[in-house]
$ cat run.pdb   # PDB, C-alpha atoms
ATOM      1  CA  MET A   1       0.173  -1.144 -18.861
ATOM      2  CA  SER A   2       1.985   1.882 -20.286
ATOM      3  CA  LEU A   3       5.588   2.165 -21.428
ATOM      4  CA  SER A   4       6.306   5.008 -18.966
ATOM      5  CA  ASN A   5       5.544   2.672 -16.036
ATOM      6  CA  LEU A   6       7.920  -0.138 -17.018
ATOM      7  CA  GLN A   7      11.012   1.139 -15.190
ATOM      8  CA  ARG A   8       9.279   0.732 -11.827
ATOM      9  CA  GLN A   9       7.012  -2.250 -12.527
ATOM     10  CA  VAL A  10       8.833  -5.528 -11.964
ATOM     11  CA  LEU A  11       5.865  -7.682 -13.017
ATOM     12  CA  HIS A  12       5.503  -6.167 -16.468
ATOM     13  CA  VAL A  13       7.523  -6.352 -19.680
ATOM     14  CA  THR A  14       7.598  -4.312 -22.884
ATOM     15  CA  GLY A  15       5.428  -6.887 -24.645
ATOM     16  CA  ALA A  16       2.664  -6.178 -22.119
ATOM     17  CA  VAL A  17       2.297  -2.509 -23.070
ATOM     18  CA  GLY A  18      -1.387  -1.886 -23.734
ATOM     19  CA  MET A  19      -2.457  -4.958 -21.745
ATOM     20  CA  PRO A  20      -4.393  -4.524 -18.481
ATOM     21  CA  LYS A  21      -1.987  -4.584 -15.507
ATOM     22  CA  THR A  22      -3.968  -7.409 -13.903
ATOM     23  CA  GLU A  23      -3.534  -9.588 -16.984
ATOM     24  CA  SER A  24       0.158  -8.746 -17.394
ATOM     25  CA  ALA A  25       0.867  -9.428 -13.709
ATOM     26  CA  ALA A  26      -1.025 -12.742 -13.829
ATOM     27  CA  ALA A  27       0.967 -13.846 -16.884
ATOM     28  CA  THR A  28       4.316 -12.978 -15.280
ATOM     29  CA  ILE A  29       3.419 -14.668 -12.002
ATOM     30  CA  SER A  30       2.280 -17.773 -13.893
ATOM     31  CA  ASN A  31       5.612 -17.864 -15.739
ATOM     32  CA  ILE A  32       7.474 -17.693 -12.422
ATOM     33  CA  ASN A  33       5.271 -20.244 -10.653
ATOM     34  CA  PRO A  34       2.371 -21.908 -12.506
ATOM     35  CA  HIS A  35       0.934 -23.171  -9.192
ATOM     36  CA  VAL A  36       0.026 -19.668  -7.991
ATOM     37  CA  GLN A  37      -3.626 -18.743  -8.418
ATOM     38  CA  VAL A  38      -4.119 -15.074  -9.360
ATOM     39  CA  VAL A  39      -7.570 -13.545  -8.927
ATOM     40  CA  GLN A  40      -7.902 -10.534 -11.195
ATOM     41  CA  HIS A  41     -10.126  -7.582 -10.298
ATOM     42  CA  ARG A  42     -10.401  -5.484 -13.455
ATOM     43  CA  THR A  43     -12.223  -2.636 -11.807
ATOM     44  CA  ARG A  44     -11.449   0.437  -9.786
ATOM     45  CA  LEU A  45     -11.898   0.093  -6.041
ATOM     46  CA  THR A  46     -14.942   2.104  -4.971
ATOM     47  CA  ALA A  47     -16.973   2.544  -1.807
ATOM     48  CA  GLU A  48     -19.572   0.274  -3.425
ATOM     49  CA  ASN A  49     -17.229  -2.678  -4.121
ATOM     50  CA  ALA A  50     -14.505  -2.288  -1.461
ATOM     51  CA  ASP A  51     -16.096  -4.549   1.173
ATOM     52  CA  GLU A  52     -16.638  -7.364  -1.323
ATOM     53  CA  ILE A  53     -13.137  -7.161  -2.835
ATOM     54  CA  ILE A  54     -11.130  -6.558   0.345
ATOM     55  CA  GLY A  55     -13.333  -8.856   2.414
ATOM     56  CA  ALA A  56     -12.221 -11.821   0.296
ATOM     57  CA  TYR A  57      -8.615 -11.545   1.569
ATOM     58  CA  ASP A  58      -6.818 -12.015   4.884
ATOM     59  CA  ILE A  59      -4.136  -9.324   4.359
ATOM     60  CA  VAL A  60      -4.052  -6.290   2.069
ATOM     61  CA  LEU A  61      -0.848  -4.864   0.586
ATOM     62  CA  ASP A  62      -1.456  -1.324  -0.629
ATOM     63  CA  GLY A  63       0.807   0.399  -3.092
ATOM     64  CA  CYS A  64      -1.746   2.579  -4.848
ATOM     65  CA  ASP A  65      -0.812   5.963  -6.219
ATOM     66  CA  ASN A  66      -3.517   8.278  -4.891
ATOM     67  CA  PHE A  67      -4.823   9.400  -1.515
ATOM     68  CA  GLU A  68      -8.505   8.798  -2.275
ATOM     69  CA  THR A  69      -7.894   5.083  -2.808
ATOM     70  CA  ARG A  70      -5.508   4.868   0.160
ATOM     71  CA  TYR A  71      -8.171   6.329   2.469
ATOM     72  CA  LEU A  72     -10.798   3.924   1.093
ATOM     73  CA  VAL A  73      -8.487   0.901   1.523
ATOM     74  CA  ASN A  74      -7.619   2.028   5.060
ATOM     75  CA  ALA A  75     -11.247   2.553   6.087
ATOM     76  CA  THR A  76     -12.325  -0.782   4.606
ATOM     77  CA  CYS A  77      -9.428  -2.737   6.125
ATOM     78  CA  SER A  78     -10.098  -1.124   9.510
ATOM     79  CA  ARG A  79     -13.814  -1.882   9.382
ATOM     80  CA  LEU A  80     -13.280  -5.488   8.201
ATOM     81  CA  ARG A  81     -10.267  -6.031  10.497
ATOM     82  CA  ARG A  82      -7.907  -6.878   7.664
ATOM     83  CA  PRO A  83      -4.218  -6.079   8.269
ATOM     84  CA  LEU A  84      -3.038  -3.344   5.926
ATOM     85  CA  VAL A  85       0.596  -3.310   4.812
ATOM     86  CA  SER A  86       1.031   0.098   3.228
ATOM     87  CA  ALA A  87       3.976   1.257   1.117
ATOM     88  CA  ALA A  88       4.475   4.563  -0.665
ATOM     89  CA  LEU A  89       7.163   5.948  -2.949
ATOM     90  CA  GLY A  90       8.736   9.296  -3.642
ATOM     91  CA  ARG A  91      11.524  10.173  -6.047
ATOM     92  CA  TRP A  92      14.334   8.665  -3.976
ATOM     93  CA  GLU A  93      12.508   7.485  -0.886
ATOM     94  CA  GLY A  94       9.908   5.096   0.399
ATOM     95  CA  GLN A  95       7.824   4.566   3.487
ATOM     96  CA  LEU A  96       6.242   1.459   4.950
ATOM     97  CA  SER A  97       3.932   0.590   7.831
ATOM     98  CA  VAL A  98       1.421  -1.998   9.040
ATOM     99  CA  PHE A  99      -1.994  -0.819  10.193
ATOM    100  CA  ARG A 100      -4.216  -2.891  12.508
ATOM    101  CA  PRO A 101      -6.045  -0.251  14.579
ATOM    102  CA  TRP A 102      -8.317  -2.794  16.278
ATOM    103  CA  LEU A 103      -5.174  -3.961  18.119
ATOM    104  CA  GLY A 104      -4.701  -0.485  19.612
ATOM    105  CA  GLY A 105      -2.369   1.134  17.083
ATOM    106  CA  PRO A 106      -3.081   3.904  14.582
ATOM    107  CA  CYS A 107      -4.576   3.601  11.123
ATOM    108  CA  TYR A 108      -3.333   5.236   7.911
ATOM    109  CA  GLN A 109      -5.605   8.244   8.435
ATOM    110  CA  CYS A 110      -4.111   8.813  11.895
ATOM    111  CA  LEU A 111      -0.787   9.318  10.086
ATOM    112  CA  PHE A 112      -2.226  11.396   7.232
ATOM    113  CA  PRO A 113      -5.455  13.033   8.496
ATOM    114  CA  GLU A 114      -6.067  14.821   5.197
ATOM    115  CA  ALA A 115      -4.877  14.466   1.647
ATOM    116  CA  PRO A 116      -2.545  17.247   0.527
ATOM    117  CA  PRO A 117      -4.226  20.008  -1.468
ATOM    118  CA  PRO A 118      -4.552  19.284  -5.209
ATOM    119  CA  GLY A 119      -1.427  20.143  -7.158
ATOM    120  CA  THR A 120       0.952  20.049  -4.168
ATOM    121  CA  VAL A 121       2.148  16.474  -4.708
ATOM    122  CA  ALA A 122       3.390  15.727  -8.215
ATOM    123  CA  PRO A 123       2.345  12.326  -9.597
ATOM    124  CA  CYS A 124       5.058   9.767 -10.373
ATOM    125  CA  SER A 125       4.630  10.465 -14.081
ATOM    126  CA  GLU A 126       5.786  14.063 -13.482
ATOM    127  CA  ALA A 127       8.126  13.826 -10.484
ATOM    128  CA  GLY A 128       9.682  10.517 -11.418
ATOM    129  CA  VAL A 129      10.537   7.632  -9.134
ATOM    130  CA  LEU A 130      13.788   5.702  -9.050
ATOM    131  CA  GLY A 131      12.679   2.307 -10.369
ATOM    132  CA  ALA A 132      14.678   0.441  -7.749
ATOM    133  CA  ILE A 133      12.661   2.129  -4.977
ATOM    134  CA  ALA A 134       9.536   0.267  -6.110
ATOM    135  CA  GLY A 135      11.414  -3.033  -5.874
ATOM    136  CA  ILE A 136      12.928  -2.207  -2.490
ATOM    137  CA  MET A 137       9.641  -1.123  -0.954
ATOM    138  CA  GLY A 138       7.765  -4.022  -2.574
ATOM    139  CA  ALA A 139      10.243  -6.519  -1.102
ATOM    140  CA  MET A 140       9.948  -4.888   2.333
ATOM    141  CA  GLN A 141       6.167  -4.946   2.011
ATOM    142  CA  ALA A 142       6.267  -8.668   1.163
ATOM    143  CA  ALA A 143       8.484  -9.298   4.207
ATOM    144  CA  GLU A 144       5.952  -7.532   6.457
ATOM    145  CA  ALA A 145       3.131  -9.655   5.010
ATOM    146  CA  LEU A 146       5.129 -12.840   5.604
ATOM    147  CA  LYS A 147       5.801 -11.763   9.192
ATOM    148  CA  LEU A 148       2.053 -11.336   9.699
ATOM    149  CA  ILE A 149       1.288 -14.723   8.123
ATOM    150  CA  THR A 150       3.923 -16.637  10.081
ATOM    151  CA  GLY A 151       3.872 -14.671  13.335
ATOM    152  CA  ALA A 152       7.627 -14.166  13.047
ATOM    153  CA  GLY A 153       9.460 -11.046  14.150
ATOM    154  CA  GLU A 154       7.909  -7.706  14.963
ATOM    155  CA  PRO A 155       5.617  -6.189  12.307
ATOM    156  CA  LEU A 156       5.695  -2.433  11.759
ATOM    157  CA  ASP A 157       2.449  -1.817  13.686
ATOM    158  CA  GLY A 158       2.542   1.687  15.138
ATOM    159  CA  ARG A 159       5.801   2.479  13.365
ATOM    160  CA  LEU A 160       6.676   4.051  10.028
ATOM    161  CA  LEU A 161       9.840   2.935   8.278
ATOM    162  CA  LEU A 162      11.402   5.654   6.115
ATOM    163  CA  TYR A 163      13.987   4.667   3.507
ATOM    164  CA  ASP A 164      16.202   7.210   1.722
ATOM    165  CA  ALA A 165      18.043   5.806  -1.290
ATOM    166  CA  LEU A 166      20.191   8.944  -1.674
ATOM    167  CA  THR A 167      21.824   8.453   1.710
ATOM    168  CA  GLY A 168      21.303   4.698   1.993
ATOM    169  CA  GLU A 169      19.739   5.253   5.397
ATOM    170  CA  SER A 170      16.521   4.092   6.939
ATOM    171  CA  ARG A 171      14.883   5.063  10.183
ATOM    172  CA  THR A 172      11.741   4.139  12.007
ATOM    173  CA  ILE A 173       9.467   6.570  13.799
ATOM    174  CA  ARG A 174       6.694   5.779  16.273
ATOM    175  CA  LEU A 175       3.118   6.570  15.291
ATOM    176  CA  SER A 176       0.193   7.386  17.556
ATOM    177  CA  LYS A 177      -3.532   7.056  17.248
ATOM    178  CA  ARG A 178      -5.270  10.403  16.732
ATOM    179  CA  GLU A 179      -8.255  10.963  19.003
ATOM    180  CA  ASP A 180      -9.972  12.913  16.198
ATOM    181  CA  CYS A 181      -9.487  10.147  13.607
ATOM    182  CA  PRO A 182     -12.835   9.394  11.927
ATOM    183  CA  ILE A 183     -11.767   5.781  11.283
ATOM    184  CA  CYS A 184     -10.440   4.852  14.732
ATOM    185  CA  PHE A 185     -12.961   7.004  16.632
ATOM    186  CA  PRO A 186     -16.000   7.352  14.326
ATOM    187  CA  ASP A 187     -18.101   8.928  17.081
ATOM    188  CA  SER A 188     -15.529  11.643  17.888
ATOM    189  CA  GLY A 189     -16.623  14.054  15.169
TER     190      GLY A 189
END

$ encode --input "run.pdb" --output "structure tokens"
Amino acid sequence: MSLSNLQRQVLHVTGAVGMPKTESAAATISNINPHVQVVQHRTRLTAENADEIIGAYDIVLDGCDNFETRYLVNATCSRLRRPLVSAALGRWEGQLSVFRPWLGGPCYQCLFPEAPPPGTVAPCSEAGVLGAIAGIMGAMQAAEALKLITGAGEPLDGRLLLYDALTGESRTIRLSKREDCPICFPDSG
């Protein structure tokens, strides 16, 4: 955990600086509710360990900060048929969707077929992110997961919710499967 991350990390406190994020998050969650079991994975997600890690869970909430990991999580969730609740942040905005391509909708790679060229998207450490955006998108992501667990409401399958904190507006756009998607149509290439 680094000091520069604290303004957008609701699970971490100043005293946790230097501590692994998994350990800091587990400690905070335990302080909130000691009956919650936290399983820590103190490793980077790789093609070699993704099936084992992701396969142990029923739903995956992705808030990672790089495209390589997002594509790996998407491919693994699609292959293992694990619902993926994906949230992303920008300076003043956020986006959220649910991906379950085996039900007929698109996957993450249908939405973003290729990662942007290196250097075209500034990392949070350079561009900055309004700390409240992380909380807003995290709460929305949790709501989507609870909808999936309980069967309540209408999850964001096939739709992308865009939130703009500068205008206070949100909108939802429809997403489509791409026929050239290597995840949804692996034999198309």

$ residues_around --input "run.pdb" --residues "segment 57-64 of chain A" --least-positions-apart "5" --cutoff "8 Å" --atoms "all atoms listed in the file" --output "list in words"
Thr69, Arg70, Val73, Cys77, Arg82, Pro83, Leu84, Val85, Ser86, Ala87, Ala88, Gln141 and Ala145 of chain A

$ closest_residue --input "run.pdb" --among "A:Val17, A:Leu111, A:Leu161, A:Ala139" --to "Arg178 of chain A" --atoms "only C-alpha atoms"
A:Leu111

$ closest_residue --input "run.pdb" --among "A:Thr172, A:Ala26, A:Pro116, A:His35" --to "Arg159 of chain A" --atoms "all atoms listed in the file"
A:Thr172

$ residues_around --input "run.pdb" --residues "Leu72 of chain A" --least-positions-apart "5" --cutoff "9 Å" --atoms "all atoms listed in the file" --output "ChimeraX atom specification"
/A:45-47,50,67,77

$ atom_distance --input "run.pdb" --atom1 "atom CA of Pro155 of chain A" --atom2 "atom CA of Ile29 of chain A"
25.8 Å

$ axis_aligned_box --input "run.pdb" --around "segment 33-46 of chain A" --padding-each-side "3 Å" --output "JSON"
{"center_x": -4.8, "center_y": -10.5, "center_z": -9.2, "size_x": 26.2, "size_y": 31.3, "size_z": 14.5}

$ atom_distance --input "run.pdb" --atom1 "atom CA of Asp180 of chain A" --atom2 "atom CA of Phe112 of chain A"
11.9 Å

$ resolve_selection --input "run.pdb" --expression "the PyMOL selection byres ((chain A and resi 160) around 10)" --output "JSON, numbers by chain"
{"A": [86, 87, 95, 96, 97, 98, 99, 111, 156, 157, 158, 159, 161, 162, 163, 171, 172, 173, 174, 175]}

$ residues_around --input "run.pdb" --residues "Pro182 of chain A" --least-positions-apart "6" --cutoff "12 Å" --atoms "only C-alpha atoms" --output "PyMOL selection string"
chain A and resi 71+74-75+78-79+106-110+112-114+188-189

$ resolve_selection --input "run.pdb" --expression "the PyMOL selection byres ((chain A and resi 134) around 9)" --output "JSON, numbers by chain"
{"A": [8, 9, 10, 88, 89, 94, 129, 130, 131, 132, 133, 135, 136, 137, 138, 139]}
